[in-house]
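input.pdb follows (PDB, C-alpha atoms):
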ATOM      1  CA  MET A  17     -51.272 -86.436 -67.629
ATOM      2  CA  GLY A  18     -54.268 -84.236 -68.391
ATOM      3  CA  LEU A  19     -57.486 -83.825 -66.446
ATOM      4  CA  ILE A  20     -60.927 -83.521 -68.024
ATOM      5  CA  PHE A  21     -63.629 -81.351 -66.396
ATOM      6  CA  GLY A  22     -66.868 -81.311 -68.420
ATOM      7  CA  ASP A  23     -65.925 -79.692 -71.723
ATOM      8  CA  ILE A  24     -62.555 -78.377 -70.398
ATOM      9  CA  VAL A  25     -59.225 -80.253 -70.636
ATOM     10  CA  GLU A  26     -56.383 -79.247 -68.332
ATOM     11  CA  LEU A  27     -52.832 -80.128 -69.438
ATOM     12  CA  GLY A  28     -50.481 -78.804 -66.768
ATOM     13  CA  ASN A  29     -50.795 -74.996 -66.935
ATOM     14  CA  ILE A  30     -52.814 -75.101 -70.170
ATOM     15  CA  VAL A  31     -56.617 -75.157 -70.147
ATOM     16  CA  ILE A  32     -58.373 -75.955 -73.430
ATOM     17  CA  LYS A  33     -62.006 -76.466 -74.397
ATOM     18  CA  LYS A  34     -62.568 -80.062 -75.564
ATOM     19  CA  SER A  35     -63.957 -78.816 -78.883
ATOM     20  CA  TRP A  36     -60.596 -77.120 -79.594
ATOM     21  CA  LEU A  37     -58.396 -80.025 -78.468
ATOM     22  CA  ALA A  38     -58.083 -81.743 -81.874
ATOM     23  CA  LEU A  39     -57.230 -78.421 -83.555
ATOM     24  CA  VAL A  40     -54.587 -77.585 -80.938
ATOM     25  CA  ILE A  41     -53.009 -81.046 -81.233
ATOM     26  CA  GLY A  42     -52.938 -80.691 -85.042
ATOM     27  CA  VAL A  43     -51.300 -77.268 -84.887
ATOM     28  CA  LEU A  44     -48.704 -78.494 -82.403
ATOM     29  CA  ALA A  45     -47.935 -81.502 -84.608
ATOM     30  CA  LEU A  46     -47.569 -79.312 -87.711
ATOM     31  CA  SER A  47     -45.379 -76.801 -85.901
ATOM     32  CA  GLY A  48     -43.056 -79.663 -84.958
ATOM     33  CA  CYS A  49     -42.777 -80.603 -88.640
ATOM     34  CA  ALA A  50     -42.218 -77.020 -89.717
ATOM     35  CA  GLN A  51     -39.399 -76.564 -87.231
ATOM     36  CA  GLN A  52     -37.681 -79.763 -88.270
ATOM     37  CA  LYS A  53     -33.917 -79.513 -87.832
ATOM     38  CA  LYS A  54     -32.087 -78.950 -91.084
ATOM     39  CA  SER A  55     -28.783 -80.754 -91.301
ATOM     40  CA  TYR A  56     -26.573 -77.904 -92.504
ATOM     41  CA  PHE A  57     -24.551 -75.058 -91.059
ATOM     42  CA  VAL A  58     -22.419 -72.142 -92.240
ATOM     43  CA  ASP A  59     -18.645 -72.365 -91.820
ATOM     44  CA  LYS A  60     -16.243 -69.690 -93.100
ATOM     45  CA  GLY A  61     -18.841 -68.326 -95.505
ATOM     46  CA  GLN A  62     -19.760 -71.717 -96.981
ATOM     47  CA  PHE A  63     -22.769 -73.968 -96.533
ATOM     48  CA  VAL A  64     -21.820 -77.355 -95.075
ATOM     49  CA  THR A  65     -23.813 -80.547 -94.409
ATOM     50  CA  LYS A  66     -22.860 -83.773 -92.679
ATOM     51  CA  GLU A  67     -21.845 -84.994 -96.164
ATOM     52  CA  GLY A  68     -19.436 -82.081 -96.552
ATOM     53  CA  VAL A  69     -19.205 -78.635 -98.132
ATOM     54  CA  VAL A  70     -22.035 -77.815-100.543
ATOM     55  CA  PRO A  71     -20.275 -77.504-103.917
ATOM     56  CA  VAL A  72     -20.509 -74.060-105.497
ATOM     57  CA  GLY A  73     -21.945 -75.756-108.579
ATOM     58  CA  CYS A  74     -25.058 -76.763-106.641
ATOM     59  CA  ILE A  75     -25.687 -73.104-105.834
ATOM     60  CA  GLY A  76     -24.625 -71.931-109.299
ATOM     61  CA  SER A  77     -27.331 -74.153-110.807
ATOM     62  CA  LEU A  78     -29.930 -71.789-109.307
ATOM     63  CA  MET A  79     -28.562 -68.717-111.141
ATOM     64  CA  THR A  80     -30.425 -67.067-113.983
ATOM     65  CA  LYS A  81     -28.338 -67.740-117.084
ATOM     66  CA  LEU A  82     -26.950 -65.022-119.349
ATOM     67  CA  ASN A  83     -29.517 -65.917-122.019
ATOM     68  CA  GLY A  84     -32.337 -65.254-119.510
ATOM     69  CA  ASP A  85     -33.101 -68.891-118.674
ATOM     70  CA  ASN A  86     -34.391 -69.089-115.105
ATOM     71  CA  ALA A  87     -35.586 -72.686-115.016
ATOM     72  CA  VAL A  88     -34.080 -74.390-111.936
ATOM     73  CA  ALA A  89     -36.098 -73.910-108.754
ATOM     74  CA  SER A  90     -34.580 -76.495-106.427
ATOM     75  CA  VAL A  91     -31.537 -78.730-106.019
ATOM     76  CA  PHE A  92     -31.455 -81.995-104.047
ATOM     77  CA  LEU A  93     -28.349 -81.619-101.903
ATOM     78  CA  THR A  94     -28.272 -84.950-100.091
ATOM     79  CA  ARG A  95     -28.782 -88.440-101.424
ATOM     80  CA  ASN A  96     -32.232 -89.406-102.626
ATOM     81  CA  SER A  97     -32.549 -92.737-104.467
ATOM     82  CA  PHE A  98     -29.367 -91.745-106.353
ATOM     83  CA  ARG A  99     -26.674 -89.149-105.653
ATOM     84  CA  GLY A 100     -27.674 -85.669-104.601
ATOM     85  CA  CYS A 101     -25.760 -82.598-105.738
ATOM     86  CA  ILE A 102     -23.184 -82.831-102.931
ATOM     87  CA  ASP A 103     -21.859 -86.183-104.114
ATOM     88  CA  ALA A 104     -22.831 -85.867-107.792
ATOM     89  CA  ASN A 105     -20.354 -86.607-110.566
ATOM     90  CA  GLU A 106     -21.205 -83.194-112.038
ATOM     91  CA  PRO A 107     -22.578 -80.817-109.376
ATOM     92  CA  TYR A 108     -22.723 -77.960-111.917
ATOM     93  CA  PHE A 109     -24.321 -79.384-115.019
ATOM     94  CA  ASN A 110     -24.123 -76.014-116.790
ATOM     95  CA  GLY A 111     -20.345 -75.924-117.126
ATOM     96  CA  ASP A 112     -17.234 -75.575-115.007
ATOM     97  CA  GLN A 113     -18.033 -75.107-111.314
ATOM     98  CA  GLU A 114     -14.527 -73.679-110.816
ATOM     99  CA  LEU A 115     -15.898 -70.508-112.436
ATOM    100  CA  ILE A 116     -18.647 -70.111-109.791
ATOM    101  CA  ARG A 117     -18.402 -68.280-106.465
ATOM    102  CA  TYR A 118     -20.994 -67.100-103.974
ATOM    103  CA  ASP A 119     -21.265 -64.840-100.954
ATOM    104  CA  ILE A 120     -23.818 -65.093 -98.176
ATOM    105  CA  ILE A 121     -25.092 -61.517 -97.982
ATOM    106  CA  ASP A 122     -27.806 -61.900 -95.360
ATOM    107  CA  ASN A 123     -29.309 -64.565 -93.102
ATOM    108  CA  LEU A 124     -33.047 -63.845 -93.195
ATOM    109  CA  GLY A 125     -33.916 -66.501 -90.599
ATOM    110  CA  ASN A 126     -36.021 -69.612 -91.150
ATOM    111  CA  ASP A 127     -33.128 -71.248 -93.091
ATOM    112  CA  THR A 128     -33.404 -68.485 -95.725
ATOM    113  CA  TYR A 129     -30.481 -66.501 -97.169
ATOM    114  CA  ASN A 130     -29.771 -63.769 -99.681
ATOM    115  CA  LEU A 131     -26.826 -64.821-101.847
ATOM    116  CA  ARG A 132     -24.744 -63.135-104.501
ATOM    117  CA  VAL A 133     -23.719 -65.826-106.988
ATOM    118  CA  CYS A 134     -21.223 -65.032-109.760
ATOM    119  CA  GLU A 135     -19.853 -66.935-112.710
ATOM    120  CA  SER A 136     -16.575 -65.893-114.322
ATOM    121  CA  ILE A 137     -16.768 -65.721-118.099
ATOM    122  CA  PRO A 138     -13.307 -66.239-119.587
ATOM    123  CA  GLN A 139     -14.421 -65.619-123.194
ATOM    124  CA  GLY A 140     -15.373 -62.147-124.309
ATOM    125  CA  SER A 141     -15.239 -58.822-122.523
ATOM    126  CA  LEU A 142     -18.005 -59.333-119.914
ATOM    127  CA  GLY A 143     -15.688 -60.857-117.314
ATOM    128  CA  SER A 144     -18.422 -62.230-115.046
ATOM    129  CA  SER A 145     -22.152 -62.464-114.536
ATOM    130  CA  CYS A 146     -23.775 -62.224-111.100
ATOM    131  CA  ASP A 147     -27.217 -62.990-109.766
ATOM    132  CA  LYS A 148     -28.753 -61.954-106.422
ATOM    133  CA  ILE A 149     -30.953 -64.832-105.259
ATOM    134  CA  THR A 150     -32.918 -65.709-102.149
ATOM    135  CA  VAL A 151     -32.668 -69.378-101.181
ATOM    136  CA  GLN A 152     -34.034 -71.601 -98.439
ATOM    137  CA  PHE A 153     -32.885 -74.954 -97.089
ATOM    138  CA  ILE A 154     -35.786 -77.369 -96.734
ATOM    139  CA  ASN A 155     -36.298 -81.058 -96.101
ATOM    140  CA  ARG A 156     -38.348 -82.371 -99.024
ATOM    141  CA  LYS A 157     -40.151 -85.667 -99.085
ATOM    142  CA  TYR A 158     -38.769 -87.956-101.796
ATOM    143  CA  THR A 159     -40.770 -91.078-102.613
ATOM    144  CA  THR A 160     -39.565 -94.293-104.222
ATOM    145  CA  PRO A 161     -41.508 -97.567-104.594
ATOM    146  CA  GLU A 162     -39.716 -98.818-101.464
ATOM    147  CA  GLN A 163     -39.847 -95.799 -99.143
ATOM    148  CA  THR A 164     -40.409 -92.118 -98.495
ATOM    149  CA  MET A 165     -37.430 -90.175 -97.174
ATOM    150  CA  GLU A 166     -36.433 -86.635 -96.251
ATOM    151  CA  VAL A 167     -33.897 -85.050 -98.611
ATOM    152  CA  LEU A 168     -32.155 -81.764 -97.803
ATOM    153  CA  SER A 169     -32.783 -79.411-100.704
ATOM    154  CA  LEU A 170     -31.927 -75.834-101.589
ATOM    155  CA  GLU A 171     -34.822 -73.907-103.110
ATOM    156  CA  LYS A 172     -34.629 -70.644-104.999
ATOM    157  CA  LEU A 173     -37.373 -68.395-103.633
ATOM    158  CA  GLY A 174     -36.660 -65.408-105.842
ATOM    159  CA  GLU A 175     -34.363 -62.446-106.319
ATOM    160  CA  TRP A 176     -33.466 -59.503-104.111
TER     161      TRP A 176
END

Could the structure of this file be written out as structure tokens, please?
Amino acid sequence: MGLIFGDIVELGNIVIKKSWLALVIGVLALSGCAQQKKSYFVDKGQFVTKEGVVPVGCIGSLMTKLNGDNAVASVFLTRNSFRGCIDANEPYFNGDQELIRYDIIDNLGNDTYNLRVCESIPQGSLGSSCDKITVQFINRKYTTPEQTMEVLSLEKLGEW
């Protein structure tokens, strides 16, 4: 329990001016949201959630395509009002996810990773196409008429 002395508030070992109290409480509340636990981990070089291994197609969807299309910024991994990418009928809507592979190159902290994502190209002489992307796991708010929920998503932040 805190003690109030004039315009000073004492909370255990912390002493704060009353005029700063609302700001400090707001910052502490926001920092709790920012450090929200993400429900994923890395196992044997693969991203895994409580729903299972993140399909390579979910990650492949974030690649820049051979024709230069770079249009997908984020993928819902877990269930929103319908299926997320992990339990989707077609996790890689751009083709055959069996042709996709990825390597985690670097853990940058803050749920952020540098990945090398490659797609094998069986036709032609190219062989494969690779993209070096930076991604971050985040919990996004997803709103329906009935509720607002947190959905684990993978966002493409850029290239490295």

To verify the selection step, state as a PyMOL selection string which residues the PyMOL selection byres ((chain A and resi 131-139) around 10) yields on this input.
chain A and resi 72-73+75-82+112-123+128-130+140-151+175-176

Pick from A:Asn105, A:Asn110, A:Asn83, A:Gln152, whichever lies nearest to A:Ser169 using all atoms listed in the file
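When distances to A:Ser169 are compared using all atoms listed in the file, the smallest one comes from A:Gln152.
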
Between atom CA of A:Tyr56 and atom CA of A:Thr164, what is the distance, to one decimal in Å?
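These two atoms are separated by 20.7 Å.
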
Explicit residue set for the PyMOL selection byres ((chain A and resi 91) around 8), as a ChimeraX atom specification
/A:74,77-78,88-90,92-93,101,169-171

May I have the residues from that selection written out with C-alpha atoms, as a short mmCIF file (atom, residue, chain, number, x, y, z; two decimals), in the coordinates of the input?
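Okay, part-v4.cif is ready:
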data_model
loop_
_atom_site.label_atom_id
_atom_site.label_comp_id
_atom_site.auth_asym_id
_atom_site.auth_seq_id
_atom_site.Cartn_x
_atom_site.Cartn_y
_atom_site.Cartn_z
CA CYS A 74 -25.06 -76.76 -106.64
CA SER A 77 -27.33 -74.15 -110.81
CA LEU A 78 -29.93 -71.79 -109.31
CA VAL A 88 -34.08 -74.39 -111.94
CA ALA A 89 -36.10 -73.91 -108.75
CA SER A 90 -34.58 -76.50 -106.43
CA PHE A 92 -31.46 -82.00 -104.05
CA LEU A 93 -28.35 -81.62 -101.90
CA CYS A 101 -25.76 -82.60 -105.74
CA SER A 169 -32.78 -79.41 -100.70
CA LEU A 170 -31.93 -75.83 -101.59
CA GLU A 171 -34.82 -73.91 -103.11
#

Take the PyMOL selection byres ((chain A and resi 67) around 9), apply it to the structure above, and return the hits as a PDB file with C-alpha atoms, in the frame of the given file.
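Result file follows (result_27.pdb):
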ATOM      1  CA  VAL A  64     -21.820 -77.355 -95.075  1.00  0.00           C
ATOM      2  CA  THR A  65     -23.813 -80.547 -94.409  1.00  0.00           C
ATOM      3  CA  LYS A  66     -22.860 -83.773 -92.679  1.00  0.00           C
ATOM      4  CA  GLY A  68     -19.436 -82.081 -96.552  1.00  0.00           C
ATOM      5  CA  VAL A  69     -19.205 -78.635 -98.132  1.00  0.00           C
ATOM      6  CA  VAL A  70     -22.035 -77.815-100.543  1.00  0.00           C
ATOM      7  CA  THR A  94     -28.272 -84.950-100.091  1.00  0.00           C
ATOM      8  CA  ILE A 102     -23.184 -82.831-102.931  1.00  0.00           C
ATOM      9  CA  ASP A 103     -21.859 -86.183-104.114  1.00  0.00           C
TER      10      ASP A 103
END

Computed interatomic separation between atom CA of A:Asn155 and atom CA of A:Asn126 (Å):
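Atom-to-atom, atom CA of A:Asn155 to atom CA of A:Asn126, that is 12.5 Å.
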
So what do you get for atom CA of A:Leu124 versus atom CA of A:Phe153, distance-wise?
11.8 Å

For A:Asn96: contacts at 8 Å, all atoms listed in the file, fewer than 6 positions along chain excluded, given as JSON, numbers by chain
{"A": [158, 165, 167]}

Between A:Lys172, A:Ser97, A:Gln62, A:Pro107, smallest distance to A:Lys157 by all atoms listed in the file belongs to A:Ser97
